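Source file: query-v3.cif (mmCIF, C-alpha atoms)
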data_run
loop_
_atom_site.label_atom_id
_atom_site.label_comp_id
_atom_site.auth_asym_id
_atom_site.auth_seq_id
_atom_site.Cartn_x
_atom_site.Cartn_y
_atom_site.Cartn_z
CA MET C 6 0.00 0.00 0.00
CA PRO C 7 1.52 3.38 -0.95
CA ARG C 8 1.91 6.40 1.28
CA VAL C 9 -0.04 9.34 -0.17
CA LEU C 10 0.82 13.06 0.10
CA HIS C 11 -1.58 15.81 -1.00
CA ASN C 12 -3.49 13.30 -3.21
CA ARG C 13 -0.91 13.96 -5.93
CA ILE C 14 2.02 11.85 -4.70
CA GLN C 15 2.20 8.14 -3.98
CA ILE C 16 5.28 6.51 -2.45
CA TYR C 17 5.92 2.77 -2.68
CA GLU C 18 8.79 0.93 -1.00
CA GLU C 19 10.47 -2.38 -1.88
CA VAL C 20 9.50 -2.02 -5.53
CA LEU C 21 11.96 -4.33 -7.30
CA PRO C 22 12.79 -7.91 -6.29
CA ASN C 23 16.52 -7.49 -7.09
CA PRO C 24 17.35 -3.78 -6.51
CA ASP C 25 21.04 -4.19 -5.62
CA LEU C 26 21.76 -6.11 -8.81
CA ILE C 27 19.89 -3.56 -10.94
CA PHE C 28 21.61 -0.64 -9.17
CA THR C 29 25.05 -2.09 -9.97
CA GLU C 30 24.03 -2.88 -13.56
CA LEU C 31 22.85 0.71 -14.12
CA LEU C 32 25.93 2.26 -12.50
CA GLU C 33 28.26 0.22 -14.68
CA ASN C 34 26.42 -0.01 -18.01
CA VAL C 35 24.31 3.11 -18.58
CA ASN C 36 25.72 5.58 -21.11
CA TRP C 37 26.14 8.39 -18.53
CA LYS C 38 26.79 11.95 -19.76
CA HIS C 39 27.89 15.11 -17.97
CA GLU C 40 26.19 17.85 -19.97
CA SER C 41 25.56 21.57 -19.79
CA ILE C 42 22.11 23.15 -19.55
CA THR C 43 20.88 26.72 -19.89
CA LEU C 44 19.84 28.13 -16.53
CA PHE C 45 18.66 31.74 -16.25
CA GLY C 46 20.32 32.49 -19.59
CA LYS C 47 23.70 30.99 -18.60
CA GLU C 48 25.20 27.70 -19.65
CA VAL C 49 26.13 25.58 -16.61
CA LEU C 50 27.32 22.01 -16.10
CA GLN C 51 24.61 19.87 -14.50
CA PRO C 52 25.55 18.79 -10.95
CA ARG C 53 24.89 15.13 -11.79
CA LEU C 54 25.26 12.68 -14.69
CA THR C 55 22.28 11.89 -16.92
CA ALA C 56 21.09 9.47 -19.59
CA TRP C 57 17.94 9.34 -21.76
CA TYR C 58 16.42 6.06 -22.98
CA GLY C 59 13.09 5.33 -24.62
CA ASP C 60 11.06 4.29 -27.60
CA LYS C 61 12.53 5.07 -31.01
CA GLY C 62 12.14 8.74 -31.94
CA VAL C 63 11.11 9.88 -28.45
CA ASP C 64 13.14 13.03 -27.81
CA TYR C 65 12.95 15.31 -24.79
CA THR C 66 14.13 18.89 -24.36
CA TYR C 67 14.59 20.66 -21.03
CA SER C 68 16.67 23.70 -20.05
CA GLY C 69 17.91 24.05 -23.64
CA LEU C 70 19.25 20.47 -23.75
CA LYS C 71 17.81 18.15 -26.43
CA ASN C 72 17.95 14.45 -25.57
CA GLU C 73 17.60 11.79 -28.27
CA ALA C 74 16.49 8.46 -26.82
CA LEU C 75 18.90 5.58 -26.67
CA PRO C 76 17.18 2.20 -27.18
CA TRP C 77 15.82 0.44 -24.09
CA THR C 78 18.16 -2.08 -22.48
CA ALA C 79 16.83 -5.39 -21.13
CA THR C 80 17.36 -4.14 -17.57
CA LEU C 81 15.52 -0.87 -18.18
CA LEU C 82 12.60 -2.73 -19.79
CA GLU C 83 12.40 -5.03 -16.75
CA VAL C 84 12.34 -2.02 -14.39
CA LYS C 85 9.83 -0.21 -16.63
CA GLN C 86 7.38 -3.14 -16.38
CA SER C 87 7.52 -3.09 -12.56
CA VAL C 88 7.02 0.69 -12.47
CA GLU C 89 4.12 0.58 -14.96
CA ARG C 90 2.37 -2.11 -12.91
CA LEU C 91 2.38 0.12 -9.80
CA ALA C 92 1.66 3.37 -11.66
CA GLN C 93 -1.05 1.73 -13.78
CA TYR C 94 0.27 3.80 -16.66
CA SER C 95 2.36 3.19 -19.78
CA PHE C 96 5.65 5.12 -20.17
CA ASN C 97 7.67 5.59 -23.36
CA SER C 98 10.89 7.05 -21.92
CA VAL C 99 13.10 7.39 -18.86
CA LEU C 100 15.51 10.09 -17.72
CA LEU C 101 18.21 8.62 -15.49
CA ASN C 102 20.14 10.77 -13.03
CA LEU C 103 23.30 9.64 -11.26
CA TYR C 104 24.04 11.55 -8.06
CA ARG C 105 27.65 10.52 -7.46
CA ASP C 106 27.89 11.96 -3.94
CA GLY C 107 26.45 14.75 -1.77
CA SER C 108 27.84 17.48 -4.03
CA ASP C 109 25.46 16.36 -6.79
CA GLY C 110 21.85 17.50 -6.63
CA MET C 111 18.95 19.01 -8.54
CA GLY C 112 17.46 22.44 -7.91
CA TYR C 113 13.77 23.26 -7.63
CA HIS C 114 11.88 22.65 -10.86
CA SER C 115 8.64 21.27 -12.28
CA ASP C 116 8.39 18.67 -15.01
CA ASP C 117 6.03 20.85 -17.00
CA GLU C 118 7.46 20.84 -20.51
CA ARG C 119 4.82 20.96 -23.24
CA GLU C 120 5.69 17.53 -24.61
CA LEU C 121 4.70 15.95 -21.25
CA GLY C 122 1.09 17.13 -21.54
CA GLU C 123 -1.12 19.07 -19.16
CA GLU C 124 -1.13 16.78 -16.10
CA PRO C 125 1.78 14.38 -16.62
CA ILE C 126 2.35 11.27 -14.58
CA ILE C 127 6.00 11.00 -13.57
CA ALA C 128 7.23 7.85 -11.81
CA SER C 129 10.56 8.32 -10.03
CA LEU C 130 12.45 5.22 -8.86
CA SER C 131 15.36 5.65 -6.41
CA LEU C 132 18.17 3.11 -6.11
CA GLY C 133 21.28 3.43 -3.95
CA GLU C 134 21.91 6.00 -1.27
CA VAL C 135 19.01 7.59 0.63
CA ARG C 136 18.57 11.24 -0.38
CA ARG C 137 16.29 14.03 0.78
CA PHE C 138 13.45 15.05 -1.57
CA ASN C 139 11.82 18.47 -1.17
CA ILE C 140 8.55 19.70 -2.60
CA LYS C 141 7.50 23.34 -2.45
CA ASN C 142 4.07 24.79 -3.24
CA LYS C 143 4.39 27.44 -5.97
CA GLU C 144 1.61 29.58 -4.49
CA THR C 145 1.98 29.30 -0.71
CA GLY C 146 5.65 28.35 -0.37
CA GLU C 147 4.69 25.37 1.82
CA LEU C 148 7.73 23.08 2.05
CA ILE C 149 7.57 19.33 2.61
CA SER C 150 10.77 17.27 2.94
CA PHE C 151 11.17 13.52 3.16
CA ASP C 152 13.76 10.85 2.44
CA LEU C 153 13.55 8.55 -0.57
CA PRO C 154 15.14 5.22 0.38
CA HIS C 155 16.77 2.60 -1.81
CA ASN C 156 14.20 0.77 -3.98
CA SER C 157 11.40 3.32 -3.50
CA LEU C 158 9.04 4.68 -6.15
CA LEU C 159 7.52 8.17 -6.02
CA ILE C 160 4.63 8.81 -8.43
CA MET C 161 3.66 12.43 -9.14
CA LYS C 162 0.34 12.94 -10.90
CA GLY C 163 -2.65 15.20 -11.46
CA ASP C 164 -1.88 18.90 -11.17
CA PHE C 165 1.28 18.30 -9.10
CA GLN C 166 3.64 19.77 -11.71
CA SER C 167 1.56 22.94 -12.13
CA ARG C 168 1.22 23.53 -8.36
CA TRP C 169 4.50 22.25 -6.89
CA LYS C 170 8.24 22.33 -7.53
CA HIS C 171 10.57 19.58 -6.38
CA ALA C 172 14.30 19.22 -5.70
CA VAL C 173 17.04 16.86 -4.56
CA PRO C 174 19.24 19.21 -2.50
CA LYS C 175 22.99 18.84 -2.21
CA THR C 176 24.23 17.67 1.17
CA LYS C 177 27.44 17.97 3.18
CA ARG C 178 26.85 14.51 4.61
CA VAL C 179 29.05 11.80 3.20
CA VAL C 180 26.77 9.84 0.88
CA GLY C 181 27.39 7.24 -1.77
CA PRO C 182 25.92 7.13 -5.27
CA ARG C 183 22.21 7.21 -6.03
CA VAL C 184 20.57 6.37 -9.37
CA ASN C 185 17.17 7.91 -10.02
CA LEU C 186 15.00 6.81 -12.95
CA THR C 187 12.16 9.17 -13.89
CA PHE C 188 9.74 7.45 -16.22
CA ARG C 189 7.64 9.71 -18.47
CA ARG C 190 5.29 9.66 -21.41
CA ILE C 191 6.30 12.07 -24.17
CA LEU C 192 3.29 13.01 -26.31
#
Could you quickly redo this structure as structure tokens?
Amino acid sequence: MPRVLHNRIQIYEEVLPNPDLIFTELLENVNWKHESITLFGKEVLQPRLTAWYGDKGVDYTYSGLKNEALPWTATLLEVKQSVERLAQYSFNSVLLNLYRDGSDGMGYHSDDERELGEEPIIASLSLGEVRRFNIKNKETGELISFDLPHNSLLIMKGDFQSRWKHAVPKTKRVVGPRVNLTFRRIL
């Protein structure tokens, strides 16, 4: 049974039967890239590594960076099936983020690009080190923080992206690597 926050977020734990094996496989075999994005008109190096996989021809652009989908691997397809079963939704792509240590993070943002549609469903699977996840209401500034443990799935849906921003803040704590897979449906 998932935990539910604000009727727009569901959190499942113990999602995959073999999370350690999949975590190692992704760390070692994903085509990780360290790319620049445009942020407030300036080009900056992302504070994490990324990779984009999906159905043929499914491209995704955010912060001035165009991603062309690499073909699904057997491991990613296996993970995708588990995520789709819980989300009760079909995804055609996944953005992977590798947070190498506490100096890697992601600032506040919403997954509200046009190609995701009006009320996108985003399923975010965390493997590896526990990291803090923050959500902030765009209107009221209400802040909610919680940890996302190894092998947990966070599903954001409904009007979440239009009403909230989310972030994975950097930390001074010594932390190991974390792989995050955000499954999406590009229209």
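Here the question is which of C:Val173, C:Leu159, C:Ala74, C:Ala128 gets nearest to Arg189 (chain C) using only C-alpha atoms, and that residue is C:Ala128.
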Report summary line: Computed gap from CA of Thr145 (chain C) to CA of Phe188 (chain C) is 27.9 Å
Requested in this report: Within 12 Å of region 90-92 of chain C, counting only C-alpha atoms, which residues show up once you throw out same-chain ones fewer than 3 positions away? Write them as a PyMOL selection string, please.
Outcome: chain C and resi 6-7+14-21+83-87+95-96+126-130+157-162+188-189
Mind dumping the selected residues with C-alpha atoms as a short mmCIF file (atom, residue, chain, number, x, y, z; two decimals), in the coordinates of the input?
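As written to disk, result20.cif reads:
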data_model
loop_
_atom_site.label_atom_id
_atom_site.label_comp_id
_atom_site.auth_asym_id
_atom_site.auth_seq_id
_atom_site.Cartn_x
_atom_site.Cartn_y
_atom_site.Cartn_z
CA MET C 6 0.00 0.00 0.00
CA PRO C 7 1.52 3.38 -0.95
CA ILE C 14 2.02 11.85 -4.70
CA GLN C 15 2.20 8.14 -3.98
CA ILE C 16 5.28 6.51 -2.45
CA TYR C 17 5.92 2.77 -2.68
CA GLU C 18 8.79 0.93 -1.00
CA GLU C 19 10.47 -2.38 -1.88
CA VAL C 20 9.50 -2.02 -5.53
CA LEU C 21 11.96 -4.33 -7.30
CA GLU C 83 12.40 -5.03 -16.75
CA VAL C 84 12.34 -2.02 -14.39
CA LYS C 85 9.83 -0.21 -16.63
CA GLN C 86 7.38 -3.14 -16.38
CA SER C 87 7.52 -3.09 -12.56
CA SER C 95 2.36 3.19 -19.78
CA PHE C 96 5.65 5.12 -20.17
CA ILE C 126 2.35 11.27 -14.58
CA ILE C 127 6.00 11.00 -13.57
CA ALA C 128 7.23 7.85 -11.81
CA SER C 129 10.56 8.32 -10.03
CA LEU C 130 12.45 5.22 -8.86
CA SER C 157 11.40 3.32 -3.50
CA LEU C 158 9.04 4.68 -6.15
CA LEU C 159 7.52 8.17 -6.02
CA ILE C 160 4.63 8.81 -8.43
CA MET C 161 3.66 12.43 -9.14
CA LYS C 162 0.34 12.94 -10.90
CA PHE C 188 9.74 7.45 -16.22
CA ARG C 189 7.64 9.71 -18.47
#
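Each of C:Asp64, C:Asp152, C:Glu89, C:Asp164 was compared to Asp116 (chain C) using only C-alpha atoms, and C:Asp164 turns out to be the nearest.
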Query raised in the report: Excluding same-chain residues fewer than 2 positions from Arg105 (chain C), what lies within 8 Å of it counting all atoms listed in the file, as a list in words?
Result: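 Listed by chain and then number, they are Arg53, Leu54, Leu103, Gly107, Ser108, Asp109, Gly181, Pro182 and Arg183 of chain C.
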Report task. Using the chain letters and numbering of this document, enumerate as a PyMOL selection string the residues selected by the PyMOL selection byres ((chain C and resi 39) around 8). Result -> chain C and resi 37-38+40-41+50-51+53-55
Query raised in the report: Suppose you want the space between CA of Glu134 (chain C) and CA of Ser167 (chain C); what is it in Å?
Result: 28.6 Å
Requested in this report: Give me, please, the distance in Å between CA of Asn139 (chain C) and CA of Thr29 (chain C), quoted to one decimal.
Outcome: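 So the two atoms, CA of Asn139 (chain C) and CA of Thr29 (chain C), lie 26.0 Å apart.
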For the file shown, what are the residues hit by the PyMOL selection byres ((chain C and resi 172) around 9), laid out as a PDB file with C-alpha atoms, in the coordinates of the input?
ATOM      1  CA  GLY C 110      21.850  17.500  -6.630  1.00  0.00           C
ATOM      2  CA  MET C 111      18.950  19.010  -8.540  1.00  0.00           C
ATOM      3  CA  GLY C 112      17.460  22.440  -7.910  1.00  0.00           C
ATOM      4  CA  TYR C 113      13.770  23.260  -7.630  1.00  0.00           C
ATOM      5  CA  HIS C 114      11.880  22.650 -10.860  1.00  0.00           C
ATOM      6  CA  SER C 115       8.640  21.270 -12.280  1.00  0.00           C
ATOM      7  CA  ARG C 137      16.290  14.030   0.780  1.00  0.00           C
ATOM      8  CA  PHE C 138      13.450  15.050  -1.570  1.00  0.00           C
ATOM      9  CA  ASN C 139      11.820  18.470  -1.170  1.00  0.00           C
ATOM     10  CA  ILE C 140       8.550  19.700  -2.600  1.00  0.00           C
ATOM     11  CA  LYS C 141       7.500  23.340  -2.450  1.00  0.00           C
ATOM     12  CA  LYS C 170       8.240  22.330  -7.530  1.00  0.00           C
ATOM     13  CA  HIS C 171      10.570  19.580  -6.380  1.00  0.00           C
ATOM     14  CA  VAL C 173      17.040  16.860  -4.560  1.00  0.00           C
ATOM     15  CA  PRO C 174      19.240  19.210  -2.500  1.00  0.00           C
TER      16      PRO C 174
END
**Report entry** Selection dump of the PyMOL selection byres ((chain C and resi 100) around 7), as a ChimeraX atom specification
**Finding:** /C:56-58,98-99,101-102,186-188
Query raised in the report: Between C:Arg178, C:Lys71, C:Arg168, C:His155, which one has atoms that come closest to Asp117 (chain C), using only C-alpha atoms?
Result: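 For Asp117 (chain C), the nearest of the given residues is C:Arg168.
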Query raised in the report: Near Gly122 (chain C), counting only C-alpha atoms, which residues have an atom at most 9 Å away, once you skip same-chain residues fewer than 3 positions from it, shown as number ranges by chain?
Result: C: 117-119, 125, 190-192
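Using all atoms listed in the file, the nearest neighbour of Ile27 (chain C) within the list C:Pro154, C:Gly59, C:Gly46, C:Gly133 is C:Gly133.
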Assuming 4 Å of padding per side, give the centre and edge lengths of the axis-aligned box around every listed atom of region 143-156 of chain C, in Å to one decimal and as lines of an AutoDock Vina configuration file.
center_x = 9.2
center_y = 15.2
center_z = -1.4
size_x = 23.2
size_y = 36.8
size_z = 17.1
Query - 9 Å contact set for Thr66 (chain C), all atoms listed in the file, chain neighbours under 6 positions out, as a list in words - result: Asn72, Glu73, Glu118 and Glu120 of chain C
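Among C:Leu132, C:Ile149, C:Phe165, C:Asp106, the residue with the shortest atom-to-atom distance to Val179 (chain C), counting all atoms listed in the file, is C:Asp106.
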